[in-house]
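Below is one structure, written out as structure tokens; comments come after it.
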Amino acid sequence: MANTSSAELLQAEAELVRHSLGYLKSMALHSAVKLGIPDALHRCGGAASLPDLLSTLALPCSKRPYLSRLMKMLAVEGIFTAVAVDVPAAGEGVATVPSVRYGLSPVSRLLVSGSGACLSPCMLMGTSPLFLEASLRLPQWFQRDGEGEPAFAMAHGESPYGAAGHDMEFNALVNEAMGSDSRYMAELVVRDCGEVFTGLTSLVDVGGGNGTMATAIAKAFPHVRCSVLDLPHVIQGVSAHESVEFAAGDMMEYVPPADAVLLKCVLHNWSDEDCVKILTKCREAIAQGAKAGKVIIIDAVVGSPSHSQQVLEAQVLMDMQMMMLFMSKEREELNWQKIFMEAGFSHYKIQPFLGMRSIIQLYP
Ligand SMILES: C[S@@+](CC[C@H](N)C(=O)[O-])C[C@H]1O[C@@H](n2cnc3c(N)ncnc32)[C@H](O)[C@@H]1O
Ligand SMILES: COc1cc(-c2oc3cc(O)cc(O)c3c(=O)c2O)cc(OC)c1OC
């Protein structure tokens with residue numbers, strides 16, 4: 001302490017408070033989504049005074065004075081914008097009183113429902129009680145010896161997939177989150193990554209769930225015949241599509257032949273050994289066509305030099321989440337490279353187009 005200036009010490013203390021109370025940022029965001037604040041601001045034309053915002057939210061009178069505190073905190077964090085304005089005073093005396101207009105920022109625009117790019121379900125999944133309870137077990141999980149189970153299973157006695165099998169509310173939360181993530185990514189992939197699909201005649205989306213991504217690719221690139229491979233219970237619940245075929249199966253056993261295999265946010269749920277097995281099956285699938293095919297991976301490449309500090313922070317948070325839920329991980333390039341070589345691929349190209357995720361094209 002002696003060698004540190006008071007200003008540095010006080011700054012460090014403020015940093016600690018930011019981190020120790022950082023969970024309140026997550027819960028304030030959770031509250032804003034649950035209360036429908038992004039949608040309310042959108043209905044008001046993108047910005048509103050506090051009284052106008054309150055008039056569209058069903059809050060009891062006793063809680064209305066507290067909304068400004070939530071809005072102020074979220075505005076400081078960049079979730080909403082806050083602009084000081086003078087509004088006409090109601091009584092006599094002063095002509096105007098200072099007030100604040102809150103508005104949607106680029107971040108909260110992604111939380112407005114009804115648009116293709118609504119990520120609110122992802123926010124609610126990331127802050128769900130089952131995830132939060134698992135995070136409280138992390139110290140105990142670190143101290144327990146052996147390979148064992150992830151912190152989520154330690155807290156709940158089952159995996160997230162197990163919980164989704166009988167807890168219908170959690171199942172709906174996860175399905176909506178995965179669906180919203182896929183719709184959002186599909187929009188960006190078809191808009192910005194068209195050259196990845198040039199020259200392909202067929203593509204199979206392995207672990208492609210309800211076909212959101214495959215349908216978007218089939219629509220944007222009609223020359224590509226798209227199909228989805230997923231587990232039987234997932235495929236059973238999918239409604240028939242005109243443009244996409246669905247196959248039930250286990251990617252560990254067999255991947256149907258195609259010019260290209262897509263793996264979007266699948267490998268981050270698996271260990272390195274399992275990724276080698278999955279990618280070996282994918283390599284066999286692309287070797288069967290007339291063309292020299294490729295595997296297209298959409299996943300994080302942690303710590304790419306072109307990424308911002310915010311993207312790095314998002315990646316390491318997702319990595320912690322993968323560890324806590326599945327004991328799996330987000331990977332750095334060297335880690336990916338080792339897996340690719342072990343699965344028999346000769347070269348790859350990484351394009352860091354997609355924020356915290358990249359497109360990796362993998363060639364035999
Ligand atoms: C994290 S989700 C990703 C879904 C989709 N690709 C996306 O990005 O929204 C993983 C998907 O892999 C599927 N899956 C898990 N194990 C599988 C297996 N052995 N064979 C085929 N699909 C599997 C799951 O059912 C789920 O749909
Ligand atoms: C797509 O595969 C997974 C995604 C998540 C996931 O995604 C998010 C996306 C966001 O835009 C914001 C978020 O807060 C989140 C999450 O919190 C989050 O968990 C998670 C997965 O496993 C838990 C995924 O693979 C199954």
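Chain labels run A, B, ... following the order of the structure tokens; each chain numbers its residues from 1, and ligands are numbered from 1 in the order shown.
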Neighbours of ligand 1 at 9 Å or closer, counting only C-alpha atoms and all ligand atoms: which residues, as a CSV table (one decimal) with N, CA and C atoms, in the first residue's frame?
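File produced: part.csv:
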chain,number,residue,atom,x,y,z
A,161,TYR,N,-29.4,-30.5,-20.7
A,161,TYR,CA,-30.3,-31.2,-21.5
A,161,TYR,C,-31.2,-32.1,-20.7
A,175,ASN,N,-34.9,-23.4,-25.9
A,175,ASN,CA,-35.3,-23.5,-27.3
A,175,ASN,C,-35.4,-22.1,-27.9
A,177,ALA,N,-34.0,-19.4,-26.8
A,177,ALA,CA,-32.7,-18.7,-26.9
A,177,ALA,C,-31.9,-19.2,-28.1
A,178,MET,N,-31.9,-20.6,-28.3
A,178,MET,CA,-31.1,-21.1,-29.4
A,178,MET,C,-31.7,-20.6,-30.7
A,179,GLY,N,-33.1,-20.6,-30.8
A,179,GLY,CA,-33.8,-20.1,-32.0
A,179,GLY,C,-33.4,-18.7,-32.3
A,180,SER,N,-33.4,-17.8,-31.2
A,180,SER,CA,-33.1,-16.4,-31.5
A,180,SER,C,-31.7,-16.2,-31.9
A,181,ASP,N,-30.8,-17.0,-31.3
A,181,ASP,CA,-29.3,-16.9,-31.7
A,181,ASP,C,-29.2,-17.3,-33.1
A,182,SER,N,-29.9,-18.3,-33.5
A,182,SER,CA,-29.7,-18.8,-34.9
A,182,SER,C,-30.3,-17.9,-35.9
A,183,ARG,N,-31.5,-17.3,-35.6
A,183,ARG,CA,-32.1,-16.3,-36.5
A,183,ARG,C,-31.2,-15.1,-36.7
A,185,MET,N,-27.9,-15.0,-36.2
A,185,MET,CA,-26.6,-15.3,-36.9
A,185,MET,C,-26.9,-15.6,-38.4
A,205,ASP,N,-26.4,-29.4,-42.4
A,205,ASP,CA,-26.1,-28.6,-41.1
A,205,ASP,C,-26.2,-29.7,-40.0
A,206,VAL,N,-25.0,-30.1,-39.5
A,206,VAL,CA,-25.0,-31.1,-38.5
A,206,VAL,C,-25.2,-30.5,-37.1
A,207,GLY,N,-26.2,-31.1,-36.3
A,207,GLY,CA,-26.6,-30.5,-35.1
A,207,GLY,C,-27.4,-29.2,-35.4
A,208,GLY,N,-28.1,-29.2,-36.5
A,208,GLY,CA,-28.8,-28.0,-37.0
A,208,GLY,C,-30.1,-27.7,-36.4
A,209,GLY,N,-30.5,-28.5,-35.4
A,209,GLY,CA,-31.8,-28.2,-34.6
A,209,GLY,C,-33.0,-28.1,-35.5
A,210,ASN,N,-33.8,-27.1,-35.3
A,210,ASN,CA,-35.0,-26.9,-36.1
A,210,ASN,C,-34.9,-26.4,-37.5
A,211,GLY,N,-33.6,-26.2,-37.9
A,211,GLY,CA,-33.4,-25.9,-39.3
A,211,GLY,C,-33.4,-24.4,-39.6
A,212,THR,N,-33.3,-23.5,-38.6
A,212,THR,CA,-33.4,-22.1,-38.8
A,212,THR,C,-32.2,-21.6,-39.8
A,213,MET,N,-31.0,-22.1,-39.5
A,213,MET,CA,-29.9,-21.7,-40.3
A,213,MET,C,-30.0,-22.3,-41.7
A,229,LEU,N,-29.0,-32.6,-40.0
A,229,LEU,CA,-28.9,-33.8,-39.2
A,229,LEU,C,-29.0,-33.5,-37.7
A,230,ASP,N,-29.9,-34.1,-37.0
A,230,ASP,CA,-29.9,-33.9,-35.5
A,230,ASP,C,-30.5,-35.2,-34.9
A,231,LEU,N,-30.4,-35.2,-33.6
A,231,LEU,CA,-30.9,-36.4,-32.8
A,231,LEU,C,-32.4,-36.6,-33.1
A,232,PRO,N,-32.8,-37.9,-33.0
A,232,PRO,CA,-34.2,-38.3,-33.3
A,232,PRO,C,-35.2,-37.4,-32.6
A,233,HIS,N,-35.0,-37.2,-31.3
A,233,HIS,CA,-36.1,-36.5,-30.5
A,233,HIS,C,-36.2,-35.0,-31.0
A,234,VAL,N,-35.1,-34.5,-31.5
A,234,VAL,CA,-35.1,-33.1,-32.0
A,234,VAL,C,-35.8,-33.1,-33.4
A,235,ILE,N,-35.5,-34.0,-34.2
A,235,ILE,CA,-36.1,-34.1,-35.6
A,235,ILE,C,-37.6,-34.3,-35.5
A,248,ALA,N,-32.7,-37.9,-39.0
A,248,ALA,CA,-32.4,-38.2,-37.6
A,248,ALA,C,-31.2,-39.1,-37.6
A,249,GLY,N,-30.3,-38.7,-36.7
A,249,GLY,CA,-29.1,-39.6,-36.6
A,249,GLY,C,-28.1,-39.1,-35.5
A,250,ASP,N,-27.0,-39.8,-35.4
A,250,ASP,CA,-26.0,-39.4,-34.4
A,250,ASP,C,-24.7,-39.1,-35.2
A,251,MET,N,-24.3,-37.8,-35.0
A,251,MET,CA,-23.1,-37.4,-35.8
A,251,MET,C,-21.9,-38.1,-35.4
A,252,MET,N,-21.9,-38.8,-34.2
A,252,MET,CA,-20.7,-39.6,-33.8
A,252,MET,C,-20.6,-40.9,-34.7
A,253,GLU,N,-21.8,-41.3,-35.2
A,253,GLU,CA,-21.8,-42.5,-36.0
A,253,GLU,C,-21.7,-42.3,-37.5
A,254,TYR,N,-22.5,-41.3,-38.0
A,254,TYR,CA,-22.6,-41.1,-39.5
A,254,TYR,C,-23.1,-39.7,-39.8
A,255,VAL,N,-22.4,-39.1,-40.8
A,255,VAL,CA,-22.8,-37.8,-41.3
A,255,VAL,C,-23.2,-38.0,-42.8
A,262,LEU,N,-21.9,-28.1,-42.3
A,262,LEU,CA,-21.9,-26.9,-41.4
A,262,LEU,C,-22.0,-27.4,-39.9
A,263,LEU,N,-21.2,-26.8,-39.1
A,263,LEU,CA,-21.3,-27.1,-37.6
A,263,LEU,C,-21.3,-25.7,-36.9
A,264,LYS,N,-22.6,-25.3,-36.6
A,264,LYS,CA,-22.7,-24.0,-36.0
A,264,LYS,C,-22.9,-24.1,-34.5
A,265,CYS,N,-22.0,-23.6,-33.7
A,265,CYS,CA,-22.1,-23.6,-32.2
A,265,CYS,C,-22.4,-25.1,-31.7
A,266,VAL,N,-21.8,-26.0,-32.3
A,266,VAL,CA,-21.9,-27.4,-31.9
A,266,VAL,C,-20.6,-27.9,-31.1
A,267,LEU,N,-19.5,-27.6,-31.7
A,267,LEU,CA,-18.2,-28.1,-31.2
A,267,LEU,C,-17.9,-27.6,-29.8
A,268,HIS,N,-18.4,-26.3,-29.5
A,268,HIS,CA,-18.0,-25.8,-28.2
A,268,HIS,C,-18.7,-26.5,-27.0
A,269,ASN,N,-19.6,-27.4,-27.4
A,269,ASN,CA,-20.2,-28.2,-26.3
A,269,ASN,C,-19.5,-29.5,-26.1
A,278,ILE,N,-16.1,-36.2,-34.2
A,278,ILE,CA,-17.2,-35.5,-35.0
A,278,ILE,C,-16.6,-35.1,-36.4
A,298,ILE,N,-18.9,-22.5,-37.4
A,298,ILE,CA,-19.2,-21.2,-36.8
A,298,ILE,C,-19.1,-21.4,-35.3
A,299,ASP,N,-18.1,-20.8,-34.8
A,299,ASP,CA,-17.8,-20.9,-33.3
A,299,ASP,C,-16.8,-19.8,-33.0
Could you check which of A:Ile297, A:Met324, A:Met1, A:Met71 is closest to Gln140 (chain A), using only C-alpha atoms?
-> A:Met324
Running DSSP on the backbone, which parts of region 83-304 of chain A land in strand (DSSP E), as a PyMOL selection string?
-> chain A and resi 83-88+96-104+202-206+225-230+244-248+260-264+294-299+301-302
Any chance you could export the current selection's C-alpha atoms as a CSV table (one decimal), in the first residue's frame?
chain,number,residue,atom,x,y,z
A,83,VAL,CA,-30.5,12.6,-22.8
A,84,ALA,CA,-31.1,15.5,-20.4
A,85,VAL,CA,-34.1,17.7,-21.4
A,86,ASP,CA,-36.0,20.6,-19.9
A,87,VAL,CA,-39.8,19.9,-19.8
A,88,PRO,CA,-42.5,22.5,-19.1
A,96,THR,CA,-39.2,24.3,-17.0
A,97,VAL,CA,-37.8,21.4,-14.9
A,98,PRO,CA,-34.9,19.2,-15.9
A,99,SER,CA,-35.8,15.7,-16.9
A,100,VAL,CA,-34.3,12.7,-18.8
A,101,ARG,CA,-35.4,11.0,-22.0
A,102,TYR,CA,-34.3,7.4,-22.2
A,103,GLY,CA,-33.9,5.7,-25.6
A,104,LEU,CA,-32.8,2.5,-27.3
A,202,SER,CA,-25.3,-29.4,-51.2
A,203,LEU,CA,-24.9,-28.7,-47.5
A,204,VAL,CA,-25.8,-30.6,-44.3
A,205,ASP,CA,-26.1,-28.6,-41.1
A,206,VAL,CA,-25.0,-31.1,-38.5
A,225,ARG,CA,-29.6,-28.2,-51.5
A,226,CYS,CA,-29.8,-28.0,-47.7
A,227,SER,CA,-30.4,-30.7,-45.1
A,228,VAL,CA,-30.2,-31.0,-41.3
A,229,LEU,CA,-28.9,-33.8,-39.2
A,230,ASP,CA,-29.9,-33.9,-35.5
A,244,VAL,CA,-34.9,-28.3,-46.2
A,245,GLU,CA,-34.7,-32.0,-45.6
A,246,PHE,CA,-34.4,-33.4,-42.1
A,247,ALA,CA,-32.5,-36.6,-41.1
A,248,ALA,CA,-32.4,-38.2,-37.6
A,260,ALA,CA,-20.2,-29.0,-47.3
A,261,VAL,CA,-20.9,-29.8,-43.7
A,262,LEU,CA,-21.9,-26.9,-41.4
A,263,LEU,CA,-21.3,-27.1,-37.6
A,264,LYS,CA,-22.7,-24.0,-36.0
A,294,LYS,CA,-15.2,-28.4,-47.0
A,295,VAL,CA,-16.4,-28.2,-43.4
A,296,ILE,CA,-17.8,-24.8,-42.3
A,297,ILE,CA,-17.5,-24.2,-38.5
A,298,ILE,CA,-19.2,-21.2,-36.8
A,299,ASP,CA,-17.8,-20.9,-33.3
A,301,VAL,CA,-11.8,-18.4,-31.9
A,302,VAL,CA,-10.8,-16.8,-28.6
Tell me, as an MDAnalysis selection string, which residues lie within 12 Å of Val76 (chain A), counting only C-alpha atoms; anything in the same chain fewer than 6 positions away does not count.
-> chainID A and resid 25 28 69:70 82:83 102 105
Give me a file of those residues, with all heavy atoms, as a PDB file, in the first residue's frame.
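For reference, result_27.pdb as written:
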ATOM      1  N   LYS A  25     -25.697  -5.857 -12.780  1.00  0.00           N
ATOM      2  CA  LYS A  25     -25.867  -5.447 -14.191  1.00  0.00           C
ATOM      3  C   LYS A  25     -26.672  -6.522 -14.924  1.00  0.00           C
ATOM      4  O   LYS A  25     -27.598  -6.233 -15.663  1.00  0.00           O
ATOM      5  CB  LYS A  25     -24.507  -5.330 -14.893  1.00  0.00           C
ATOM      6  CG  LYS A  25     -23.624  -4.230 -14.421  1.00  0.00           C
ATOM      7  CD  LYS A  25     -22.444  -4.135 -15.382  1.00  0.00           C
ATOM      8  CE  LYS A  25     -21.194  -3.704 -14.681  1.00  0.00           C
ATOM      9  NZ  LYS A  25     -20.011  -3.757 -15.537  1.00  0.00           N
ATOM     10  N   ALA A  28     -30.233  -6.413 -13.709  1.00  0.00           N
ATOM     11  CA  ALA A  28     -30.961  -5.227 -14.193  1.00  0.00           C
ATOM     12  C   ALA A  28     -31.368  -5.443 -15.653  1.00  0.00           C
ATOM     13  O   ALA A  28     -32.490  -5.100 -16.065  1.00  0.00           O
ATOM     14  CB  ALA A  28     -30.083  -3.989 -14.047  1.00  0.00           C
ATOM     15  N   ARG A  69     -34.096   4.506 -11.249  1.00  0.00           N
ATOM     16  CA  ARG A  69     -32.820   3.952 -10.758  1.00  0.00           C
ATOM     17  C   ARG A  69     -32.331   2.848 -11.687  1.00  0.00           C
ATOM     18  O   ARG A  69     -31.147   2.774 -12.024  1.00  0.00           O
ATOM     19  CB  ARG A  69     -33.014   3.415  -9.344  1.00  0.00           C
ATOM     20  CG  ARG A  69     -33.742   4.390  -8.427  1.00  0.00           C
ATOM     21  CD  ARG A  69     -32.758   5.288  -7.757  1.00  0.00           C
ATOM     22  NE  ARG A  69     -32.102   4.535  -6.708  1.00  0.00           N
ATOM     23  CZ  ARG A  69     -32.620   4.320  -5.498  1.00  0.00           C
ATOM     24  NH1 ARG A  69     -33.797   4.848  -5.181  1.00  0.00           N
ATOM     25  NH2 ARG A  69     -31.981   3.624  -4.603  1.00  0.00           N
ATOM     26  N   LEU A  70     -33.270   2.005 -12.112  1.00  0.00           N
ATOM     27  CA  LEU A  70     -32.916   0.913 -13.041  1.00  0.00           C
ATOM     28  C   LEU A  70     -32.460   1.507 -14.374  1.00  0.00           C
ATOM     29  O   LEU A  70     -31.432   1.105 -14.941  1.00  0.00           O
ATOM     30  CB  LEU A  70     -34.144   0.021 -13.249  1.00  0.00           C
ATOM     31  CG  LEU A  70     -33.958  -1.196 -14.149  1.00  0.00           C
ATOM     32  CD1 LEU A  70     -33.196  -2.288 -13.406  1.00  0.00           C
ATOM     33  CD2 LEU A  70     -35.308  -1.754 -14.597  1.00  0.00           C
ATOM     34  N   ALA A  82     -29.439   8.081 -22.487  1.00  0.00           N
ATOM     35  CA  ALA A  82     -30.116   9.022 -21.574  1.00  0.00           C
ATOM     36  C   ALA A  82     -29.739  10.425 -22.023  1.00  0.00           C
ATOM     37  O   ALA A  82     -28.551  10.746 -22.115  1.00  0.00           O
ATOM     38  CB  ALA A  82     -29.659   8.786 -20.144  1.00  0.00           C
ATOM     39  N   VAL A  83     -30.751  11.235 -22.334  1.00  0.00           N
ATOM     40  CA  VAL A  83     -30.488  12.606 -22.773  1.00  0.00           C
ATOM     41  C   VAL A  83     -31.225  13.558 -21.824  1.00  0.00           C
ATOM     42  O   VAL A  83     -32.437  13.382 -21.594  1.00  0.00           O
ATOM     43  CB  VAL A  83     -30.985  12.817 -24.230  1.00  0.00           C
ATOM     44  CG1 VAL A  83     -30.778  14.253 -24.676  1.00  0.00           C
ATOM     45  CG2 VAL A  83     -30.292  11.851 -25.177  1.00  0.00           C
ATOM     46  N   TYR A 102     -35.096   8.616 -22.023  1.00  0.00           N
ATOM     47  CA  TYR A 102     -34.348   7.367 -22.231  1.00  0.00           C
ATOM     48  C   TYR A 102     -34.668   6.808 -23.609  1.00  0.00           C
ATOM     49  O   TYR A 102     -35.799   6.926 -24.092  1.00  0.00           O
ATOM     50  CB  TYR A 102     -34.716   6.345 -21.148  1.00  0.00           C
ATOM     51  CG  TYR A 102     -34.177   6.741 -19.790  1.00  0.00           C
ATOM     52  CD1 TYR A 102     -35.015   7.304 -18.834  1.00  0.00           C
ATOM     53  CD2 TYR A 102     -32.827   6.592 -19.497  1.00  0.00           C
ATOM     54  CE1 TYR A 102     -34.514   7.684 -17.598  1.00  0.00           C
ATOM     55  CE2 TYR A 102     -32.318   6.986 -18.268  1.00  0.00           C
ATOM     56  CZ  TYR A 102     -33.165   7.529 -17.324  1.00  0.00           C
ATOM     57  OH  TYR A 102     -32.661   7.911 -16.118  1.00  0.00           O
ATOM     58  N   SER A 105     -30.420   2.077 -27.418  1.00  0.00           N
ATOM     59  CA  SER A 105     -29.050   2.202 -27.929  1.00  0.00           C
ATOM     60  C   SER A 105     -28.846   1.047 -28.925  1.00  0.00           C
ATOM     61  O   SER A 105     -29.711   0.163 -29.035  1.00  0.00           O
ATOM     62  CB  SER A 105     -28.059   2.073 -26.778  1.00  0.00           C
ATOM     63  OG  SER A 105     -28.058   0.731 -26.327  1.00  0.00           O
TER      64      SER A 105
END
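Using only C-alpha atoms and all ligand atoms for every distance, the candidate list A:Ile360, A:Val174, A:Leu312, A:Val17 yields A:Val174 as the residue closest to ligand 2.
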Smallest atom-to-atom distance to Ser120 (chain A): which of A:Pro257, A:Gly355, A:Gly93, A:Pro38, using only C-alpha atoms?
-> A:Pro38
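Closest approach to Leu362 (chain A) from the set A:Leu35, A:Met323, A:Ala292, A:Met318 is made by A:Ala292, with distances taken over only C-alpha atoms.
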When DSSP works through the backbone of this structure, what residues of region 113-284 of chain A end up as helix (DSSP H, G or I), shown as a PyMOL selection string?
-> chain A and resi 120-126+129-136+138-143+151-156+160-166+168-192+194-197+212-220+232-236+267-269+272-284
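Minimum atom-to-atom distance to ligand 2, evaluated using only C-alpha atoms and all ligand atoms, belongs to A:Met123 out of A:Met123, A:Met154, A:Val112, A:Cys61.
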Among the residues A:Phe142, A:Phe353, A:Tyr363, A:Trp270, the one that comes closest to Glu330 (chain A) [using only C-alpha atoms] | A:Trp270
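Reported to one decimal place, the separation of CA of Met27 (chain A) from CA of Leu325 (chain A) is 19.6 Å.
For the pair CA of Ala75 (chain A) and CA of Ser26 (chain A), the separation is 13.5 Å.
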